[in-house]
Amino acid sequence: MEVVIAIAITSFIGVVIGVSFNTTIQNKEIIEGQAEHYRMLRTAMNRMVREIGAAYVSDRYDPKRYRDAYDRPSNFVGKRDTLLFTTLSHQRLYSDAKESDQMVVEYSVKTSPDQKARGRTDLVRREKVLLEERMERGGTEDSLFEGAKKIEFQYWNSERKQWEDEWDTRRAERKSILPTRVKITMTAVDESGKEVKYTTQTRIMLNTEFPRYE
């Protein structure tokens, strides 16, 4: 009887220890998943801040080839939910690559093409390293942040001292002027399943057009 009781007590202790270890492992995975989620969020926001901060427009192009403002190789086309612009933040990965520090970048939220994602929406970044055709064409797309619900941009008008929902340098009145600041707000789901907004701002350093030198 004493042996049976001892075995029962030992088994109970083993079960308790096993459950505790299992709970600890599950909690560890949850915490690591949350940490990875916020790391990806910070990385995405920091990258947008860096690239938008180096945005520019230039008048240094062949006017005979690019006759229309919509064909111009450098522009800043900002809407409430998308942003398409040229930036000086490109980094060459290979020393002999025929690339410069210039590139076209576009941010938008789209449905993930991954069938396993089950309709998940992601913050998508399109990059084109050669400025030789219309900005909205070509390049490659990558998911910058998985699970983004919405991305919103606002543009600071330093003359009117107010935020605006659009900024388009293809228009004559803004052909050579960029907003001095851009506000970025991304909506994502947190660990409790609630939608949370994360906001940051970036200052555009070159907010006037590069002049043409004859």
# chains A, B, ... in the order shown; residues from 1 in each chain; ligands from 1
$ residues_around --residues "Gln162 (chain A)" --least-positions-apart "3" --cutoff "12 Å" --atoms "only C-alpha atoms" --output "ChimeraX atom specification"
/A:154-159,165-166,179-183
$ select_by_dssp --residues "region 36-177 of chain A" --states "strand (DSSP E or B)" --output "PDB file with N, CA and C atoms, in the first residue's frame"
ATOM      1  N   ALA A  55      13.138  61.545 -49.728  1.00  0.00           N
ATOM      2  CA  ALA A  55      12.388  61.773 -50.969  1.00  0.00           C
ATOM      3  C   ALA A  55      12.875  63.041 -51.667  1.00  0.00           C
ATOM      4  N   TYR A  56      12.710  63.078 -52.983  1.00  0.00           N
ATOM      5  CA  TYR A  56      13.136  64.252 -53.756  1.00  0.00           C
ATOM      6  C   TYR A  56      12.392  64.285 -55.095  1.00  0.00           C
ATOM      7  N   SER A  58      13.279  66.081 -59.080  1.00  0.00           N
ATOM      8  CA  SER A  58      14.371  66.700 -59.810  1.00  0.00           C
ATOM      9  C   SER A  58      13.920  67.165 -61.182  1.00  0.00           C
ATOM     10  N   PHE A  76       6.434  62.931 -56.562  1.00  0.00           N
ATOM     11  CA  PHE A  76       5.960  62.574 -55.227  1.00  0.00           C
ATOM     12  C   PHE A  76       4.447  62.569 -55.306  1.00  0.00           C
ATOM     13  N   VAL A  77       3.868  61.370 -55.317  1.00  0.00           N
ATOM     14  CA  VAL A  77       2.416  61.227 -55.483  1.00  0.00           C
ATOM     15  C   VAL A  77       1.862  60.615 -54.202  1.00  0.00           C
ATOM     16  N   GLY A  78       1.404  61.473 -53.323  1.00  0.00           N
ATOM     17  CA  GLY A  78       0.903  61.014 -52.035  1.00  0.00           C
ATOM     18  C   GLY A  78      -0.598  61.096 -51.942  1.00  0.00           C
ATOM     19  N   LEU A  83       1.413  55.832 -51.213  1.00  0.00           N
ATOM     20  CA  LEU A  83       2.456  56.837 -51.413  1.00  0.00           C
ATOM     21  C   LEU A  83       3.449  56.306 -52.431  1.00  0.00           C
ATOM     22  N   LEU A  84       3.647  57.075 -53.506  1.00  0.00           N
ATOM     23  CA  LEU A  84       4.569  56.735 -54.586  1.00  0.00           C
ATOM     24  C   LEU A  84       5.533  57.899 -54.741  1.00  0.00           C
ATOM     25  N   PHE A  85       6.850  57.616 -54.684  1.00  0.00           N
ATOM     26  CA  PHE A  85       7.813  58.710 -54.695  1.00  0.00           C
ATOM     27  C   PHE A  85       9.194  58.218 -55.115  1.00  0.00           C
ATOM     28  N   THR A  86      10.049  59.168 -55.459  1.00  0.00           N
ATOM     29  CA  THR A  86      11.456  58.871 -55.723  1.00  0.00           C
ATOM     30  C   THR A  86      12.267  59.273 -54.492  1.00  0.00           C
ATOM     31  N   THR A  87      13.291  58.479 -54.202  1.00  0.00           N
ATOM     32  CA  THR A  87      14.071  58.695 -52.985  1.00  0.00           C
ATOM     33  C   THR A  87      15.549  58.438 -53.248  1.00  0.00           C
ATOM     34  N   MET A 103      15.902  55.601 -56.401  1.00  0.00           N
ATOM     35  CA  MET A 103      14.950  54.536 -56.689  1.00  0.00           C
ATOM     36  C   MET A 103      13.532  55.059 -56.533  1.00  0.00           C
ATOM     37  N   VAL A 104      12.605  54.295 -57.058  1.00  0.00           N
ATOM     38  CA  VAL A 104      11.180  54.575 -56.892  1.00  0.00           C
ATOM     39  C   VAL A 104      10.645  53.621 -55.830  1.00  0.00           C
ATOM     40  N   VAL A 105       9.854  54.141 -54.905  1.00  0.00           N
ATOM     41  CA  VAL A 105       9.261  53.329 -53.839  1.00  0.00           C
ATOM     42  C   VAL A 105       7.762  53.628 -53.783  1.00  0.00           C
ATOM     43  N   GLU A 106       6.981  52.584 -53.539  1.00  0.00           N
ATOM     44  CA  GLU A 106       5.543  52.748 -53.365  1.00  0.00           C
ATOM     45  C   GLU A 106       5.089  51.905 -52.178  1.00  0.00           C
ATOM     46  N   TYR A 107       4.261  52.502 -51.318  1.00  0.00           N
ATOM     47  CA  TYR A 107       3.685  51.806 -50.169  1.00  0.00           C
ATOM     48  C   TYR A 107       2.177  51.711 -50.338  1.00  0.00           C
ATOM     49  N   SER A 108       1.635  50.545 -50.033  1.00  0.00           N
ATOM     50  CA  SER A 108       0.186  50.350 -50.065  1.00  0.00           C
ATOM     51  C   SER A 108      -0.150  49.092 -49.276  1.00  0.00           C
ATOM     52  N   VAL A 109      -1.402  48.939 -48.920  1.00  0.00           N
ATOM     53  CA  VAL A 109      -1.875  47.733 -48.244  1.00  0.00           C
ATOM     54  C   VAL A 109      -2.656  46.906 -49.240  1.00  0.00           C
ATOM     55  N   LYS A 110      -2.249  45.633 -49.394  1.00  0.00           N
ATOM     56  CA  LYS A 110      -2.885  44.739 -50.356  1.00  0.00           C
ATOM     57  C   LYS A 110      -3.141  43.383 -49.709  1.00  0.00           C
ATOM     58  N   THR A 111      -4.041  42.624 -50.332  1.00  0.00           N
ATOM     59  CA  THR A 111      -4.301  41.265 -49.880  1.00  0.00           C
ATOM     60  C   THR A 111      -3.110  40.379 -50.215  1.00  0.00           C
ATOM     61  N   THR A 121      -4.226  40.875 -45.097  1.00  0.00           N
ATOM     62  CA  THR A 121      -3.714  42.046 -45.793  1.00  0.00           C
ATOM     63  C   THR A 121      -2.345  42.419 -45.230  1.00  0.00           C
ATOM     64  N   ASP A 122      -1.439  42.824 -46.114  1.00  0.00           N
ATOM     65  CA  ASP A 122      -0.067  43.167 -45.741  1.00  0.00           C
ATOM     66  C   ASP A 122       0.281  44.567 -46.220  1.00  0.00           C
ATOM     67  N   LEU A 123       1.226  45.186 -45.542  1.00  0.00           N
ATOM     68  CA  LEU A 123       1.820  46.420 -46.037  1.00  0.00           C
ATOM     69  C   LEU A 123       2.845  46.028 -47.094  1.00  0.00           C
ATOM     70  N   VAL A 124       2.600  46.436 -48.330  1.00  0.00           N
ATOM     71  CA  VAL A 124       3.435  46.017 -49.460  1.00  0.00           C
ATOM     72  C   VAL A 124       4.316  47.185 -49.898  1.00  0.00           C
ATOM     73  N   ARG A 125       5.562  46.881 -50.155  1.00  0.00           N
ATOM     74  CA  ARG A 125       6.528  47.872 -50.635  1.00  0.00           C
ATOM     75  C   ARG A 125       6.991  47.478 -52.026  1.00  0.00           C
ATOM     76  N   ARG A 126       6.793  48.389 -52.986  1.00  0.00           N
ATOM     77  CA  ARG A 126       7.288  48.162 -54.353  1.00  0.00           C
ATOM     78  C   ARG A 126       8.521  49.025 -54.570  1.00  0.00           C
ATOM     79  N   GLU A 127       9.549  48.416 -55.143  1.00  0.00           N
ATOM     80  CA  GLU A 127      10.812  49.117 -55.377  1.00  0.00           C
ATOM     81  C   GLU A 127      11.231  48.969 -56.827  1.00  0.00           C
ATOM     82  N   LYS A 128      11.641  50.089 -57.426  1.00  0.00           N
ATOM     83  CA  LYS A 128      12.191  50.069 -58.781  1.00  0.00           C
ATOM     84  C   LYS A 128      13.470  50.890 -58.779  1.00  0.00           C
ATOM     85  N   THR A 140       9.749  45.465 -58.220  1.00  0.00           N
ATOM     86  CA  THR A 140       9.419  44.243 -57.488  1.00  0.00           C
ATOM     87  C   THR A 140       8.667  44.599 -56.212  1.00  0.00           C
ATOM     88  N   GLU A 141       7.781  43.700 -55.799  1.00  0.00           N
ATOM     89  CA  GLU A 141       6.985  43.906 -54.593  1.00  0.00           C
ATOM     90  C   GLU A 141       7.374  42.916 -53.504  1.00  0.00           C
ATOM     91  N   ASP A 142       7.411  43.406 -52.272  1.00  0.00           N
ATOM     92  CA  ASP A 142       7.678  42.559 -51.107  1.00  0.00           C
ATOM     93  C   ASP A 142       6.779  42.999 -49.961  1.00  0.00           C
ATOM     94  N   SER A 143       6.470  42.044 -49.085  1.00  0.00           N
ATOM     95  CA  SER A 143       5.668  42.357 -47.910  1.00  0.00           C
ATOM     96  C   SER A 143       6.569  42.993 -46.854  1.00  0.00           C
ATOM     97  N   LEU A 144       6.239  44.217 -46.472  1.00  0.00           N
ATOM     98  CA  LEU A 144       7.037  44.927 -45.477  1.00  0.00           C
ATOM     99  C   LEU A 144       6.555  44.635 -44.062  1.00  0.00           C
ATOM    100  N   PHE A 145       5.234  44.404 -43.923  1.00  0.00           N
ATOM    101  CA  PHE A 145       4.682  44.048 -42.618  1.00  0.00           C
ATOM    102  C   PHE A 145       3.427  43.212 -42.832  1.00  0.00           C
ATOM    103  N   GLU A 146       3.449  41.997 -42.306  1.00  0.00           N
ATOM    104  CA  GLU A 146       2.317  41.089 -42.487  1.00  0.00           C
ATOM    105  C   GLU A 146       1.208  41.402 -41.485  1.00  0.00           C
ATOM    106  N   ALA A 148      -1.014  43.975 -41.720  1.00  0.00           N
ATOM    107  CA  ALA A 148      -1.411  45.382 -41.625  1.00  0.00           C
ATOM    108  C   ALA A 148      -2.849  45.541 -42.117  1.00  0.00           C
ATOM    109  N   LYS A 149      -3.659  46.228 -41.349  1.00  0.00           N
ATOM    110  CA  LYS A 149      -5.055  46.450 -41.726  1.00  0.00           C
ATOM    111  C   LYS A 149      -5.224  47.688 -42.592  1.00  0.00           C
ATOM    112  N   LYS A 150      -4.454  48.712 -42.288  1.00  0.00           N
ATOM    113  CA  LYS A 150      -4.611  49.972 -43.014  1.00  0.00           C
ATOM    114  C   LYS A 150      -3.335  50.792 -42.880  1.00  0.00           C
ATOM    115  N   ILE A 151      -3.020  51.570 -43.917  1.00  0.00           N
ATOM    116  CA  ILE A 151      -1.919  52.521 -43.855  1.00  0.00           C
ATOM    117  C   ILE A 151      -2.478  53.879 -44.264  1.00  0.00           C
ATOM    118  N   GLU A 152      -2.127  54.918 -43.504  1.00  0.00           N
ATOM    119  CA  GLU A 152      -2.616  56.256 -43.785  1.00  0.00           C
ATOM    120  C   GLU A 152      -1.449  57.232 -43.777  1.00  0.00           C
ATOM    121  N   PHE A 153      -1.475  58.150 -44.748  1.00  0.00           N
ATOM    122  CA  PHE A 153      -0.439  59.177 -44.843  1.00  0.00           C
ATOM    123  C   PHE A 153      -1.099  60.554 -44.803  1.00  0.00           C
ATOM    124  N   GLN A 154      -0.403  61.486 -44.168  1.00  0.00           N
ATOM    125  CA  GLN A 154      -0.806  62.883 -44.196  1.00  0.00           C
ATOM    126  C   GLN A 154       0.432  63.731 -44.443  1.00  0.00           C
ATOM    127  N   TYR A 155       0.229  64.872 -45.100  1.00  0.00           N
ATOM    128  CA  TYR A 155       1.341  65.674 -45.595  1.00  0.00           C
ATOM    129  C   TYR A 155       1.217  67.103 -45.059  1.00  0.00           C
ATOM    130  N   TRP A 156       2.317  67.587 -44.475  1.00  0.00           N
ATOM    131  CA  TRP A 156       2.288  68.887 -43.824  1.00  0.00           C
ATOM    132  C   TRP A 156       2.542  70.011 -44.818  1.00  0.00           C
ATOM    133  N   ASN A 157       1.567  70.913 -44.916  1.00  0.00           N
ATOM    134  CA  ASN A 157       1.692  72.101 -45.747  1.00  0.00           C
ATOM    135  C   ASN A 157       2.225  73.226 -44.865  1.00  0.00           C
ATOM    136  N   GLN A 162      -1.034  73.193 -41.929  1.00  0.00           N
ATOM    137  CA  GLN A 162      -2.056  72.178 -41.713  1.00  0.00           C
ATOM    138  C   GLN A 162      -1.677  70.885 -42.432  1.00  0.00           C
ATOM    139  N   TRP A 163      -2.270  69.766 -41.953  1.00  0.00           N
ATOM    140  CA  TRP A 163      -2.063  68.475 -42.592  1.00  0.00           C
ATOM    141  C   TRP A 163      -3.032  68.329 -43.763  1.00  0.00           C
ATOM    142  N   GLU A 164      -2.537  67.741 -44.858  1.00  0.00           N
ATOM    143  CA  GLU A 164      -3.367  67.500 -46.023  1.00  0.00           C
ATOM    144  C   GLU A 164      -3.332  66.016 -46.388  1.00  0.00           C
ATOM    145  N   TRP A 167      -0.835  64.928 -51.865  1.00  0.00           N
ATOM    146  CA  TRP A 167       0.264  65.807 -52.301  1.00  0.00           C
ATOM    147  C   TRP A 167       0.808  65.232 -53.604  1.00  0.00           C
ATOM    148  N   ASP A 168       0.644  65.980 -54.699  1.00  0.00           N
ATOM    149  CA  ASP A 168       0.983  65.462 -56.024  1.00  0.00           C
ATOM    150  C   ASP A 168       1.837  66.473 -56.773  1.00  0.00           C
ATOM    151  N   ILE A 177       7.717  71.350 -55.230  1.00  0.00           N
ATOM    152  CA  ILE A 177       7.642  71.457 -53.772  1.00  0.00           C
ATOM    153  C   ILE A 177       7.166  70.145 -53.166  1.00  0.00           C
TER     154      ILE A 177
END
$ closest_residue --among "A:Arg60, A:Arg72, A:Arg80, A:His37" --to "Arg171 (chain A)" --atoms "only C-alpha atoms"
A:Arg72
$ atom_distance --atom1 "CA of Gln102 (chain A)" --atom2 "CA of Asp59 (chain A)"
14.2 Å
$ residues_around --residues "Val189 (chain A)" --least-positions-apart "4" --cutoff "8 Å" --atoms "only C-alpha atoms" --output "count of residues only"
7
$ select_by_dssp --residues "chain A" --states "alpha helix (DSSP H)" --output "ChimeraX atom specification"
/A:2-53
$ atom_distance --atom1 "CA of Arg174 (chain A)" --atom2 "CA of Asn46 (chain A)"
26.9 Å
$ atom_distance --atom1 "CA of Leu93 (chain A)" --atom2 "CA of Asp114 (chain A)"
27.1 Å
$ decode --residues "region 61-155 of chain A" --atoms "C-alpha atoms" --output "PDB file, in the first residue's frame"
ATOM      1  CA  TYR A  61      15.831  65.016 -67.081  1.00  0.00           C
ATOM      2  CA  ASP A  62      15.462  65.114 -70.854  1.00  0.00           C
ATOM      3  CA  PRO A  63      12.414  67.327 -71.542  1.00  0.00           C
ATOM      4  CA  LYS A  64      12.180  65.953 -75.083  1.00  0.00           C
ATOM      5  CA  ARG A  65      11.798  62.411 -73.786  1.00  0.00           C
ATOM      6  CA  TYR A  66       9.675  63.195 -70.743  1.00  0.00           C
ATOM      7  CA  ARG A  67       7.262  65.817 -72.043  1.00  0.00           C
ATOM      8  CA  ASP A  68       4.392  65.178 -69.676  1.00  0.00           C
ATOM      9  CA  ALA A  69       4.442  65.653 -65.899  1.00  0.00           C
ATOM     10  CA  TYR A  70       3.046  62.133 -65.493  1.00  0.00           C
ATOM     11  CA  ASP A  71       6.030  60.757 -67.426  1.00  0.00           C
ATOM     12  CA  ARG A  72       8.606  62.621 -65.380  1.00  0.00           C
ATOM     13  CA  PRO A  73      11.053  60.110 -63.820  1.00  0.00           C
ATOM     14  CA  SER A  74      10.881  61.730 -60.367  1.00  0.00           C
ATOM     15  CA  ASN A  75       7.665  62.674 -58.596  1.00  0.00           C
ATOM     16  CA  PHE A  76       5.960  62.574 -55.227  1.00  0.00           C
ATOM     17  CA  VAL A  77       2.416  61.227 -55.483  1.00  0.00           C
ATOM     18  CA  GLY A  78       0.903  61.014 -52.035  1.00  0.00           C
ATOM     19  CA  LYS A  79      -2.653  59.955 -51.307  1.00  0.00           C
ATOM     20  CA  ARG A  80      -4.424  59.051 -48.084  1.00  0.00           C
ATOM     21  CA  ASP A  81      -3.772  55.303 -48.426  1.00  0.00           C
ATOM     22  CA  THR A  82      -0.841  55.073 -50.875  1.00  0.00           C
ATOM     23  CA  LEU A  83       2.456  56.837 -51.413  1.00  0.00           C
ATOM     24  CA  LEU A  84       4.569  56.735 -54.586  1.00  0.00           C
ATOM     25  CA  PHE A  85       7.813  58.710 -54.695  1.00  0.00           C
ATOM     26  CA  THR A  86      11.456  58.871 -55.723  1.00  0.00           C
ATOM     27  CA  THR A  87      14.071  58.695 -52.985  1.00  0.00           C
ATOM     28  CA  LEU A  88      17.823  58.873 -52.523  1.00  0.00           C
ATOM     29  CA  SER A  89      17.921  56.051 -49.975  1.00  0.00           C
ATOM     30  CA  HIS A  90      18.700  53.101 -52.240  1.00  0.00           C
ATOM     31  CA  GLN A  91      21.588  50.930 -51.093  1.00  0.00           C
ATOM     32  CA  ARG A  92      23.503  48.861 -53.638  1.00  0.00           C
ATOM     33  CA  LEU A  93      24.106  45.279 -52.570  1.00  0.00           C
ATOM     34  CA  TYR A  94      26.759  44.578 -55.205  1.00  0.00           C
ATOM     35  CA  SER A  95      29.699  46.819 -56.078  1.00  0.00           C
ATOM     36  CA  ASP A  96      29.331  46.309 -59.842  1.00  0.00           C
ATOM     37  CA  ALA A  97      25.535  46.748 -59.918  1.00  0.00           C
ATOM     38  CA  LYS A  98      24.341  49.318 -62.449  1.00  0.00           C
ATOM     39  CA  GLU A  99      22.385  51.198 -59.810  1.00  0.00           C
ATOM     40  CA  SER A 100      22.643  54.488 -57.963  1.00  0.00           C
ATOM     41  CA  ASP A 101      21.287  55.840 -54.702  1.00  0.00           C
ATOM     42  CA  GLN A 102      18.047  56.733 -56.499  1.00  0.00           C
ATOM     43  CA  MET A 103      14.950  54.536 -56.689  1.00  0.00           C
ATOM     44  CA  VAL A 104      11.180  54.575 -56.892  1.00  0.00           C
ATOM     45  CA  VAL A 105       9.261  53.329 -53.839  1.00  0.00           C
ATOM     46  CA  GLU A 106       5.543  52.748 -53.365  1.00  0.00           C
ATOM     47  CA  TYR A 107       3.685  51.806 -50.169  1.00  0.00           C
ATOM     48  CA  SER A 108       0.186  50.350 -50.065  1.00  0.00           C
ATOM     49  CA  VAL A 109      -1.875  47.733 -48.244  1.00  0.00           C
ATOM     50  CA  LYS A 110      -2.885  44.739 -50.356  1.00  0.00           C
ATOM     51  CA  THR A 111      -4.301  41.265 -49.880  1.00  0.00           C
ATOM     52  CA  SER A 112      -1.512  38.715 -49.473  1.00  0.00           C
ATOM     53  CA  PRO A 113      -1.038  36.425 -52.512  1.00  0.00           C
ATOM     54  CA  ASP A 114      -0.163  33.574 -50.146  1.00  0.00           C
ATOM     55  CA  GLN A 115      -3.052  31.086 -50.174  1.00  0.00           C
ATOM     56  CA  LYS A 116      -2.233  30.032 -46.619  1.00  0.00           C
ATOM     57  CA  ALA A 117      -2.718  33.622 -45.439  1.00  0.00           C
ATOM     58  CA  ARG A 118      -6.513  33.283 -45.860  1.00  0.00           C
ATOM     59  CA  GLY A 119      -7.197  36.802 -47.065  1.00  0.00           C
ATOM     60  CA  ARG A 120      -4.662  38.504 -44.804  1.00  0.00           C
ATOM     61  CA  THR A 121      -3.714  42.046 -45.793  1.00  0.00           C
ATOM     62  CA  ASP A 122      -0.067  43.167 -45.741  1.00  0.00           C
ATOM     63  CA  LEU A 123       1.820  46.420 -46.037  1.00  0.00           C
ATOM     64  CA  VAL A 124       3.435  46.017 -49.460  1.00  0.00           C
ATOM     65  CA  ARG A 125       6.528  47.872 -50.635  1.00  0.00           C
ATOM     66  CA  ARG A 126       7.288  48.162 -54.353  1.00  0.00           C
ATOM     67  CA  GLU A 127      10.812  49.117 -55.377  1.00  0.00           C
ATOM     68  CA  LYS A 128      12.191  50.069 -58.781  1.00  0.00           C
ATOM     69  CA  VAL A 129      15.889  50.922 -58.971  1.00  0.00           C
ATOM     70  CA  LEU A 130      16.015  52.265 -62.538  1.00  0.00           C
ATOM     71  CA  LEU A 131      14.326  55.599 -63.231  1.00  0.00           C
ATOM     72  CA  GLU A 132      13.757  55.175 -66.936  1.00  0.00           C
ATOM     73  CA  GLU A 133       9.996  54.815 -67.391  1.00  0.00           C
ATOM     74  CA  ARG A 134       6.709  55.726 -65.713  1.00  0.00           C
ATOM     75  CA  MET A 135       6.940  55.457 -61.960  1.00  0.00           C
ATOM     76  CA  GLU A 136       3.850  53.291 -61.535  1.00  0.00           C
ATOM     77  CA  ARG A 137       5.256  50.570 -63.798  1.00  0.00           C
ATOM     78  CA  GLY A 138       7.802  47.848 -63.122  1.00  0.00           C
ATOM     79  CA  GLY A 139       9.827  46.984 -60.080  1.00  0.00           C
ATOM     80  CA  THR A 140       9.419  44.243 -57.488  1.00  0.00           C
ATOM     81  CA  GLU A 141       6.985  43.906 -54.593  1.00  0.00           C
ATOM     82  CA  ASP A 142       7.678  42.559 -51.107  1.00  0.00           C
ATOM     83  CA  SER A 143       5.668  42.357 -47.910  1.00  0.00           C
ATOM     84  CA  LEU A 144       7.037  44.927 -45.477  1.00  0.00           C
ATOM     85  CA  PHE A 145       4.682  44.048 -42.618  1.00  0.00           C
ATOM     86  CA  GLU A 146       2.317  41.089 -42.487  1.00  0.00           C
ATOM     87  CA  GLY A 147      -1.161  41.618 -41.097  1.00  0.00           C
ATOM     88  CA  ALA A 148      -1.411  45.382 -41.625  1.00  0.00           C
ATOM     89  CA  LYS A 149      -5.055  46.450 -41.726  1.00  0.00           C
ATOM     90  CA  LYS A 150      -4.611  49.972 -43.014  1.00  0.00           C
ATOM     91  CA  ILE A 151      -1.919  52.521 -43.855  1.00  0.00           C
ATOM     92  CA  GLU A 152      -2.616  56.256 -43.785  1.00  0.00           C
ATOM     93  CA  PHE A 153      -0.439  59.177 -44.843  1.00  0.00           C
ATOM     94  CA  GLN A 154      -0.806  62.883 -44.196  1.00  0.00           C
ATOM     95  CA  TYR A 155       1.341  65.674 -45.595  1.00  0.00           C
TER      96      TYR A 155
END
